[in-house]
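*Asks:* My structure file coords23.txt, compact mmCIF, C-alpha atoms, is below:
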```
# COMPACT_ATOMS: atom_id res chain seq x y z
CA MET D 1 11.08 28.55 10.53
CA SER D 2 7.53 28.96 11.80
CA GLY D 3 6.36 32.27 10.39
CA ALA D 4 4.30 32.80 7.28
CA CYS D 5 5.96 32.51 3.91
CA LYS D 6 5.20 34.31 0.69
CA GLY D 7 2.28 32.86 -1.19
CA CYS D 8 0.63 31.20 1.79
CA GLY D 9 -2.44 33.39 1.74
CA ASP D 10 -5.65 32.59 3.55
CA GLY D 11 -7.80 32.05 0.48
CA ASP D 12 -9.21 35.57 0.43
CA GLY D 13 -9.67 36.89 -3.04
CA LEU D 14 -10.24 33.57 -4.79
CA PRO D 15 -12.81 34.26 -7.53
CA PHE D 16 -14.69 31.01 -6.94
CA GLU D 17 -16.22 29.04 -4.09
CA PHE D 18 -15.67 25.41 -3.20
CA LYS D 19 -16.69 22.84 -0.61
CA MET D 20 -15.53 19.39 0.49
CA ALA D 21 -16.71 15.82 0.16
CA PHE D 22 -15.47 12.95 2.30
CA GLN D 23 -14.94 9.35 1.20
CA PRO D 24 -14.32 6.60 3.76
CA ILE D 25 -11.09 4.64 3.91
CA VAL D 26 -11.97 1.25 5.34
CA ALA D 27 -9.80 -1.18 7.32
CA VAL D 28 -11.58 -4.40 6.44
CA ASN D 29 -9.71 -6.68 8.84
CA GLU D 30 -10.87 -4.49 11.72
CA GLN D 31 -14.27 -3.74 10.13
CA ARG D 32 -14.00 -0.05 10.83
CA VAL D 33 -13.59 3.23 9.04
CA TRP D 34 -9.88 4.00 9.26
CA GLY D 35 -10.26 7.52 7.94
CA TYR D 36 -11.67 9.77 5.24
CA GLU D 37 -10.18 11.45 2.21
CA ALA D 38 -11.20 15.09 1.75
CA LEU D 39 -12.12 15.82 -1.87
CA VAL D 40 -12.64 19.24 -3.41
CA ARG D 41 -16.11 19.91 -4.78
CA GLY D 42 -17.96 22.85 -6.27
CA PRO D 43 -20.29 24.86 -4.02
CA ASN D 44 -23.27 22.69 -5.05
CA GLY D 45 -21.41 19.39 -5.13
CA GLU D 46 -19.96 19.69 -8.63
CA GLY D 47 -16.89 17.57 -9.41
CA ALA D 48 -13.37 18.64 -8.54
CA HIS D 49 -12.62 19.58 -12.16
CA SER D 50 -15.21 22.36 -11.96
CA VAL D 51 -13.02 23.98 -9.30
CA LEU D 52 -9.51 23.03 -10.36
CA SER D 53 -10.10 24.12 -13.96
CA GLN D 54 -10.57 27.68 -12.69
CA LEU D 55 -7.22 27.81 -10.90
CA THR D 56 -4.51 30.06 -12.25
CA GLU D 57 -0.83 29.87 -11.33
CA ASP D 58 -0.99 32.88 -9.02
CA GLN D 59 -3.95 31.37 -7.12
CA LEU D 60 -2.30 28.01 -6.48
CA TYR D 61 -0.87 28.83 -3.05
CA ARG D 62 -3.96 30.52 -1.67
CA PHE D 63 -6.15 27.68 -2.89
CA ASP D 64 -3.93 24.95 -1.40
CA GLN D 65 -3.98 26.70 1.98
CA ALA D 66 -7.72 27.38 1.86
CA ALA D 67 -8.51 23.77 0.87
CA ARG D 68 -6.47 22.38 3.75
CA VAL D 69 -8.14 24.68 6.24
CA MET D 70 -11.64 23.89 4.98
CA ALA D 71 -10.96 20.14 5.10
CA ILE D 72 -9.69 20.30 8.68
CA GLU D 73 -12.38 22.63 9.99
CA THR D 74 -15.15 20.59 8.36
CA ALA D 75 -13.69 17.35 9.70
CA GLY D 76 -13.60 18.90 13.15
CA LYS D 77 -17.36 19.35 12.94
CA LEU D 78 -18.20 15.99 11.36
CA PHE D 79 -15.80 13.40 12.79
CA ASP D 80 -16.94 11.54 15.89
CA ASP D 81 -14.18 8.90 15.99
CA PRO D 82 -11.07 10.27 17.74
CA GLN D 83 -8.89 7.79 15.85
CA ALA D 84 -10.15 8.53 12.33
CA ARG D 85 -7.54 9.90 9.95
CA LEU D 86 -8.15 12.82 7.64
CA SER D 87 -6.36 12.49 4.31
CA ILE D 88 -5.70 15.76 2.51
CA ASN D 89 -4.34 16.09 -1.01
CA PHE D 90 -1.64 18.69 -1.35
CA MET D 91 0.20 20.27 -4.22
CA PRO D 92 4.00 20.01 -3.81
CA ASN D 93 4.49 23.12 -5.92
CA ALA D 94 2.25 25.06 -3.52
CA VAL D 95 4.62 24.55 -0.59
CA TYR D 96 7.41 27.12 -0.38
CA GLU D 97 8.82 26.07 2.98
CA PRO D 98 7.25 23.07 4.78
CA GLN D 99 7.47 24.35 8.36
CA ALA D 100 6.02 27.74 7.43
CA CYS D 101 3.33 26.56 5.05
CA ILE D 102 1.91 24.05 7.55
CA GLN D 103 1.15 26.70 10.17
CA LYS D 104 -2.35 27.53 8.91
CA SER D 105 -3.23 23.83 8.94
CA LEU D 106 -2.02 23.47 12.52
CA ALA D 107 -3.97 26.56 13.55
CA ALA D 108 -7.11 25.16 11.91
CA ALA D 109 -6.65 21.89 13.80
CA ARG D 110 -6.37 23.77 17.09
CA ARG D 111 -9.48 25.86 16.38
CA SER D 112 -11.44 22.77 15.41
CA ASN D 113 -10.18 20.53 18.22
CA PHE D 114 -9.00 18.12 15.54
CA PRO D 115 -5.94 16.05 16.50
CA ALA D 116 -3.10 17.13 14.23
CA SER D 117 -1.58 13.67 14.69
CA ASN D 118 -4.55 12.26 12.72
CA LEU D 119 -3.65 14.18 9.56
CA MET D 120 -2.35 12.41 6.47
CA PHE D 121 -1.08 14.34 3.47
CA GLU D 122 -1.12 12.64 0.10
CA PHE D 123 0.43 13.77 -3.13
CA THR D 124 0.48 12.51 -6.67
CA GLU D 125 2.84 13.19 -9.50
CA ASN D 126 1.31 12.56 -12.92
CA GLU D 127 3.86 14.84 -14.50
CA ARG D 128 7.61 14.51 -14.10
CA MET D 129 8.68 16.05 -10.82
CA THR D 130 10.78 19.13 -11.52
CA ASP D 131 12.29 19.29 -8.01
CA PRO D 132 12.15 15.91 -6.27
CA ALA D 133 14.52 17.14 -3.58
CA HIS D 134 11.94 19.75 -2.56
CA VAL D 135 9.20 17.12 -2.32
CA GLU D 136 11.54 14.95 -0.27
CA ARG D 137 12.04 17.84 2.16
CA ILE D 138 8.27 18.25 2.47
CA VAL D 139 7.76 14.54 3.20
CA GLN D 140 10.53 14.46 5.79
CA ALA D 141 9.25 17.64 7.47
CA TYR D 142 5.71 16.26 7.66
CA LYS D 143 6.96 12.99 9.13
CA LYS D 144 8.85 14.89 11.82
CA LEU D 145 5.65 16.74 12.66
CA GLY D 146 3.92 13.41 13.19
CA PHE D 147 1.78 13.36 10.04
CA LEU D 148 1.37 10.35 7.78
CA THR D 149 2.36 10.80 4.14
CA ALA D 150 0.91 8.95 1.18
CA LEU D 151 1.91 8.58 -2.46
CA ASP D 152 -1.26 8.57 -4.56
CA ASP D 153 -1.81 6.90 -7.95
CA PHE D 154 1.12 4.55 -7.48
CA GLY D 155 1.74 2.71 -10.74
CA ALA D 156 0.48 5.54 -12.94
CA GLY D 157 2.34 8.40 -14.60
CA TYR D 158 5.60 9.14 -12.81
CA ALA D 159 4.47 7.85 -9.40
CA GLY D 160 6.69 4.81 -9.69
CA LEU D 161 9.53 2.91 -8.09
CA SER D 162 12.21 5.61 -8.18
CA LEU D 163 9.89 8.07 -6.46
CA LEU D 164 8.95 5.43 -3.88
CA ALA D 165 12.60 4.67 -3.14
CA ARG D 166 13.43 8.33 -2.67
CA LEU D 167 10.44 9.43 -0.61
CA GLN D 168 9.49 6.26 1.30
CA PRO D 169 6.04 7.49 2.38
CA ASP D 170 4.05 5.79 5.10
CA LEU D 171 1.42 4.64 2.65
CA ILE D 172 0.97 4.10 -1.08
CA LYS D 173 -2.35 4.20 -2.91
CA ILE D 174 -2.32 1.86 -5.89
CA ASP D 175 -3.73 3.48 -9.01
CA MET D 176 -7.31 2.37 -9.56
CA GLU D 177 -6.74 1.48 -13.22
CA LEU D 178 -4.33 -1.22 -12.07
CA LEU D 179 -7.05 -2.59 -9.78
CA ARG D 180 -10.03 -2.39 -12.10
CA ASP D 181 -11.33 -5.91 -12.85
CA ILE D 182 -8.22 -7.37 -11.26
CA HIS D 183 -10.08 -10.63 -10.73
CA LEU D 184 -10.11 -11.06 -14.53
CA SER D 185 -6.42 -10.33 -15.14
CA ARG D 186 -3.60 -12.60 -14.03
CA ALA D 187 -1.08 -9.93 -15.02
CA LYS D 188 -2.66 -7.36 -12.71
CA GLN D 189 -2.84 -9.92 -9.91
CA VAL D 190 0.87 -10.72 -10.20
CA ILE D 191 1.84 -7.04 -10.33
CA VAL D 192 -0.28 -6.05 -7.33
CA ALA D 193 0.92 -9.06 -5.31
CA GLY D 194 4.48 -7.96 -6.06
CA ILE D 195 3.75 -4.38 -4.97
CA ALA D 196 2.20 -5.67 -1.75
CA ALA D 197 5.19 -7.88 -0.98
CA MET D 198 7.62 -5.03 -1.68
CA ALA D 199 5.65 -2.64 0.51
CA ARG D 200 5.72 -5.08 3.41
CA GLN D 201 9.51 -5.28 3.13
CA LEU D 202 9.69 -1.47 3.25
CA ASP D 203 7.17 -1.22 6.11
CA ILE D 204 4.83 0.80 3.89
CA ARG D 205 1.09 0.27 4.11
CA ILE D 206 -1.00 -0.16 0.96
CA LEU D 207 -4.39 1.34 0.23
CA ALA D 208 -6.38 0.02 -2.73
CA GLU D 209 -8.57 2.79 -4.10
CA GLY D 210 -11.41 2.68 -6.58
CA VAL D 211 -12.68 -0.73 -5.48
CA GLU D 212 -16.11 -1.31 -6.97
CA SER D 213 -16.93 -5.01 -6.57
CA GLU D 214 -16.73 -7.88 -4.14
CA ALA D 215 -14.67 -9.83 -6.69
CA GLU D 216 -12.02 -7.10 -6.77
CA LEU D 217 -12.04 -6.90 -2.98
CA SER D 218 -11.54 -10.66 -2.62
CA VAL D 219 -8.44 -10.73 -4.85
CA LEU D 220 -6.91 -7.70 -3.17
CA ARG D 221 -7.47 -9.11 0.30
CA ALA D 222 -5.78 -12.32 -0.80
CA ALA D 223 -2.74 -10.19 -1.70
CA GLY D 224 -2.59 -9.03 1.92
CA ILE D 225 -4.16 -5.59 1.47
CA ASP D 226 -6.54 -4.41 4.19
CA LEU D 227 -7.08 -0.68 3.54
CA PHE D 228 -9.69 0.10 0.87
CA GLN D 229 -11.53 3.00 -0.67
CA GLY D 230 -14.13 2.99 -3.42
CA TYR D 231 -17.76 2.90 -4.42
CA TYR D 232 -18.10 -0.69 -3.17
CA PHE D 233 -17.97 0.79 0.32
CA ALA D 234 -19.32 4.32 -0.14
CA LYS D 235 -19.45 7.22 -2.53
CA PRO D 236 -18.13 10.54 -1.18
CA GLY D 237 -20.53 12.45 1.04
CA PHE D 238 -20.89 16.13 0.17
CA MET D 239 -20.03 18.04 3.36
CA SER D 240 -21.00 14.87 5.23
CA LEU D 241 -19.72 11.45 6.26
CA PRO D 242 -21.47 8.71 4.26
CA SER D 243 -22.38 5.39 5.80
CA VAL D 244 -20.40 2.33 4.68
CA ALA D 245 -22.81 0.02 2.89
CA ALA D 246 -20.71 -3.12 3.36
CA PHE D 247 -20.88 -2.74 7.14
CA SER D 248 -24.68 -2.51 7.16
CA ASN D 249 -25.18 -5.45 4.79
CA PRO D 250 -25.10 -8.70 6.76
CA THR D 251 -24.63 -10.76 3.56
CA VAL D 252 -21.21 -9.20 2.96
CA ALA D 253 -18.53 -10.89 5.06
CA LEU D 254 -15.48 -8.62 5.28
CA VAL D 255 -13.74 -10.71 7.90
CA GLY D 256 -12.62 -14.27 7.47
```
What does the file become when written as structure tokens?
*Replies:*
Amino acid sequence: MSGACKGCGDGDGLPFEFKMAFQPIVAVNEQRVWGYEALVRGPNGEGAHSVLSQLTEDQLYRFDQAARVMAIETAGKLFDDPQARLSINFMPNAVYEPQACIQKSLAAARRSNFPASNLMFEFTENERMTDPAHVERIVQAYKKLGFLTALDDFGAGYAGLSLLARLQPDLIKIDMELLRDIHLSRAKQVIVAGIAAMARQLDIRILAEGVESEAELSVLRAAGIDLFQGYYFAKPGFMSLPSVAAFSNPTVALVG
């Protein structure tokens, strides 16, 4: 199925405006920006809650489509690295039929000359998933289309082991609360090292998000993690790509 499905509107008629911010995802072993996560913001840079709190159930589908399109079209204007990934959050309940609901995203990529193969779609599930089979179909369809898939907030809410076993995404993002001050907590260190070892066995890559200090980074690198996101590297850039401070600071050794 490749035609439009019900609910997949183009964003017209939404009673609010929104923009995008982009936060770097850094591959420290290669000392390069691996990609950027697109984050919803208000029209003047307000936080995501200022937008999401206005959403009603009947606007969910139009908003999800409009957010994807804006992220891709903006990335097409800003990205200058042909290998950089664009990570887009999506709402599983806003996808009626995966092949149909992805068509506007593919069209936006064509218009923007953005490689569709560089797209990564990430989802989180802080509430119990009402239809895991539907989410599994979405993940499998996206994989067949050549996209990466990521499970966000792993270790928080219901984004746990059973969901990982069922969906087997390409990447998991460990919940930032599990990483906060990890250098001070042996329990957190053991848990994260176990997650990293398990992910390697499953051929799943790990991204540590919310990293704020060199001490946290050091412990996480020792666990074998090399993809990072957080204020230690850069805050999100509003409709722009921020520079990565760690790369421009010669006193910070990311390699070795």
*Asks:* If you take only C-alpha atoms and a cut-off of 10 Å, which residues of segment 63-123 of chain D touch segment 220-239 of chain D, and what are their nearest atom pairs and distances in Å to one decimal, in chain and number order, as JSON lines?
*Replies:*
```
{"residue": "D:Ala71", "atom": "CA", "partner": "D:Met239", "partner_atom": "CA", "distance": 9.5}
{"residue": "D:Thr74", "atom": "CA", "partner": "D:Met239", "partner_atom": "CA", "distance": 7.4}
{"residue": "D:Ala75", "atom": "CA", "partner": "D:Met239", "partner_atom": "CA", "distance": 9.0}
{"residue": "D:Leu78", "atom": "CA", "partner": "D:Met239", "partner_atom": "CA", "distance": 8.5}
```
*Asks:* Step by step: start from the point (-3.5, 21.9, 1.0) in the file's coordinates, keep every protein, DNA or RNA residue that has an atom no farther than 7 Å from it, count only C-alpha atoms, and write the set as a list of chain:residue names.
*Replies:*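 So the residues meeting the distance criterion are D:Asp64, D:Gln65, D:Ala66, D:Ala67, D:Arg68, D:Ile88, D:Asn89, D:Phe90, D:Met91.
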*Asks:* Atom CA of Asn93 of chain D and atom CA of Asp131 of chain D are how many Å apart?
*Replies:* 8.9 Å
*Asks:* Record the distance separating atom CA of Pro132 of chain D and atom CA of Ser162 of chain D, expressed in Å with one decimal.
*Replies:* 10.5 Å
*Asks:* Point out the residue among D:Gly155, D:Ala197, D:Gly13, D:Ser218 with the least atom-to-atom distance to His183 of chain D, counting all atoms listed in the file.
*Replies:* D:Ser218
*Asks:* Applying 12 Å and only C-alpha atoms, which residues near Asp170 of chain D remain after dropping the ones on its own chain fewer than 4 positions away? List them as a ChimeraX atom specification.
*Replies:* /D:120-122,139-140,142-143,146-152,164-165,199-200,202-207
*Asks:* Those selected residues, please, written with C-alpha atoms and delivered as a CSV table (one decimal), keeping the file's coordinate frame.
*Replies:*
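Result file part_10.csv:
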```csv
chain,number,residue,atom,x,y,z
D,120,MET,CA,-2.4,12.4,6.5
D,121,PHE,CA,-1.1,14.3,3.5
D,122,GLU,CA,-1.1,12.6,0.1
D,139,VAL,CA,7.8,14.5,3.2
D,140,GLN,CA,10.5,14.5,5.8
D,142,TYR,CA,5.7,16.3,7.7
D,143,LYS,CA,7.0,13.0,9.1
D,146,GLY,CA,3.9,13.4,13.2
D,147,PHE,CA,1.8,13.4,10.0
D,148,LEU,CA,1.4,10.4,7.8
D,149,THR,CA,2.4,10.8,4.1
D,150,ALA,CA,0.9,9.0,1.2
D,151,LEU,CA,1.9,8.6,-2.5
D,152,ASP,CA,-1.3,8.6,-4.6
D,164,LEU,CA,9.0,5.4,-3.9
D,165,ALA,CA,12.6,4.7,-3.1
D,199,ALA,CA,5.6,-2.6,0.5
D,200,ARG,CA,5.7,-5.1,3.4
D,202,LEU,CA,9.7,-1.5,3.2
D,203,ASP,CA,7.2,-1.2,6.1
D,204,ILE,CA,4.8,0.8,3.9
D,205,ARG,CA,1.1,0.3,4.1
D,206,ILE,CA,-1.0,-0.2,1.0
D,207,LEU,CA,-4.4,1.3,0.2
```
*Asks:* Quick one: residues within 7 Å of Tyr36 of chain D, all atoms listed in the file, excluding same-chain residues fewer than 5 positions away - as a ChimeraX atom specification?
*Replies:* /D:22-25,85-87
*Asks:* Please provide the set of residues having any atom within 8 Å of Pro98 of chain D, restricted to all atoms listed in the file, with same-chain residues fewer than 3 positions apart removed, written as a PyMOL selection string.
*Replies:* chain D and resi 95+101-102+137-138+141-142
*Asks:* Of the candidates D:Ala21, D:Ala156, D:Leu52, D:Leu179, which shows the shortest atom-to-atom distance to Ser240 of chain D, using all atoms listed in the file?
*Replies:* D:Ala21
*Asks:* I'd like to know which of D:Leu241, D:Ala107, D:Ile195, D:Val40 is closest to Ile174 of chain D, using all atoms listed in the file.
*Replies:*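 For Ile174 of chain D, the nearest of the candidates is D:Ile195.
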*Asks:* With only C-alpha atoms as the basis for distance, which of D:Val219, D:Leu60, D:Leu163, D:Val69 is at the shortest distance from Lys19 of chain D?
*Replies:*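 When distances to Lys19 of chain D are compared using only C-alpha atoms, the smallest one comes from D:Val69.
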*Asks:* Rounded to one decimal place, report the atom CA of Ala116 of chain D-atom CA of Tyr61 of chain D distance in Å.
*Replies:*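 That distance, rounded to one decimal, is 21.0 Å.
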*Asks:* What would segment 230-242 of chain D look like with N, CA and C atoms in place, written as an mmCIF file, keeping the file's coordinate frame?
*Replies:*
```cif
data_model
loop_
_atom_site.group_PDB
_atom_site.id
_atom_site.type_symbol
_atom_site.label_atom_id
_atom_site.label_comp_id
_atom_site.auth_asym_id
_atom_site.auth_seq_id
_atom_site.Cartn_x
_atom_site.Cartn_y
_atom_site.Cartn_z
ATOM 1 N N GLY D 230 -13.465 3.150 -2.130
ATOM 2 C CA GLY D 230 -14.130 2.990 -3.420
ATOM 3 C C GLY D 230 -15.632 2.894 -3.271
ATOM 4 N N TYR D 231 -16.306 2.897 -4.410
ATOM 5 C CA TYR D 231 -17.760 2.900 -4.420
ATOM 6 C C TYR D 231 -18.361 1.625 -3.828
ATOM 7 N N TYR D 232 -17.587 0.537 -3.788
ATOM 8 C CA TYR D 232 -18.100 -0.690 -3.170
ATOM 9 C C TYR D 232 -18.464 -0.419 -1.708
ATOM 10 N N PHE D 233 -17.725 0.467 -1.086
ATOM 11 C CA PHE D 233 -17.970 0.790 0.320
ATOM 12 C C PHE D 233 -18.863 2.024 0.458
ATOM 13 N N ALA D 234 -18.524 3.085 -0.237
ATOM 14 C CA ALA D 234 -19.320 4.320 -0.140
ATOM 15 C C ALA D 234 -18.843 5.329 -1.169
ATOM 16 N N LYS D 235 -19.788 6.063 -1.718
ATOM 17 C CA LYS D 235 -19.450 7.220 -2.530
ATOM 18 C C LYS D 235 -19.153 8.394 -1.584
ATOM 19 N N PRO D 236 -18.409 9.394 -2.046
ATOM 20 C CA PRO D 236 -18.130 10.540 -1.180
ATOM 21 C C PRO D 236 -19.414 11.227 -0.729
ATOM 22 N N GLY D 237 -19.413 11.686 0.507
ATOM 23 C CA GLY D 237 -20.530 12.450 1.040
ATOM 24 C C GLY D 237 -20.226 13.931 0.957
ATOM 25 N N PHE D 238 -21.106 14.688 0.335
ATOM 26 C CA PHE D 238 -20.890 16.130 0.170
ATOM 27 C C PHE D 238 -21.101 16.833 1.510
ATOM 28 N N MET D 239 -20.016 17.373 2.053
ATOM 29 C CA MET D 239 -20.030 18.040 3.360
ATOM 30 C C MET D 239 -20.655 17.138 4.432
ATOM 31 N N SER D 240 -20.433 15.839 4.292
ATOM 32 C CA SER D 240 -21.000 14.870 5.230
ATOM 33 C C SER D 240 -20.171 13.599 5.208
ATOM 34 N N LEU D 241 -20.393 12.743 6.201
ATOM 35 C CA LEU D 241 -19.720 11.450 6.260
ATOM 36 C C LEU D 241 -20.719 10.376 5.850
ATOM 37 N N PRO D 242 -20.518 9.721 4.712
ATOM 38 C CA PRO D 242 -21.470 8.710 4.260
ATOM 39 C C PRO D 242 -21.352 7.432 5.084
#
```
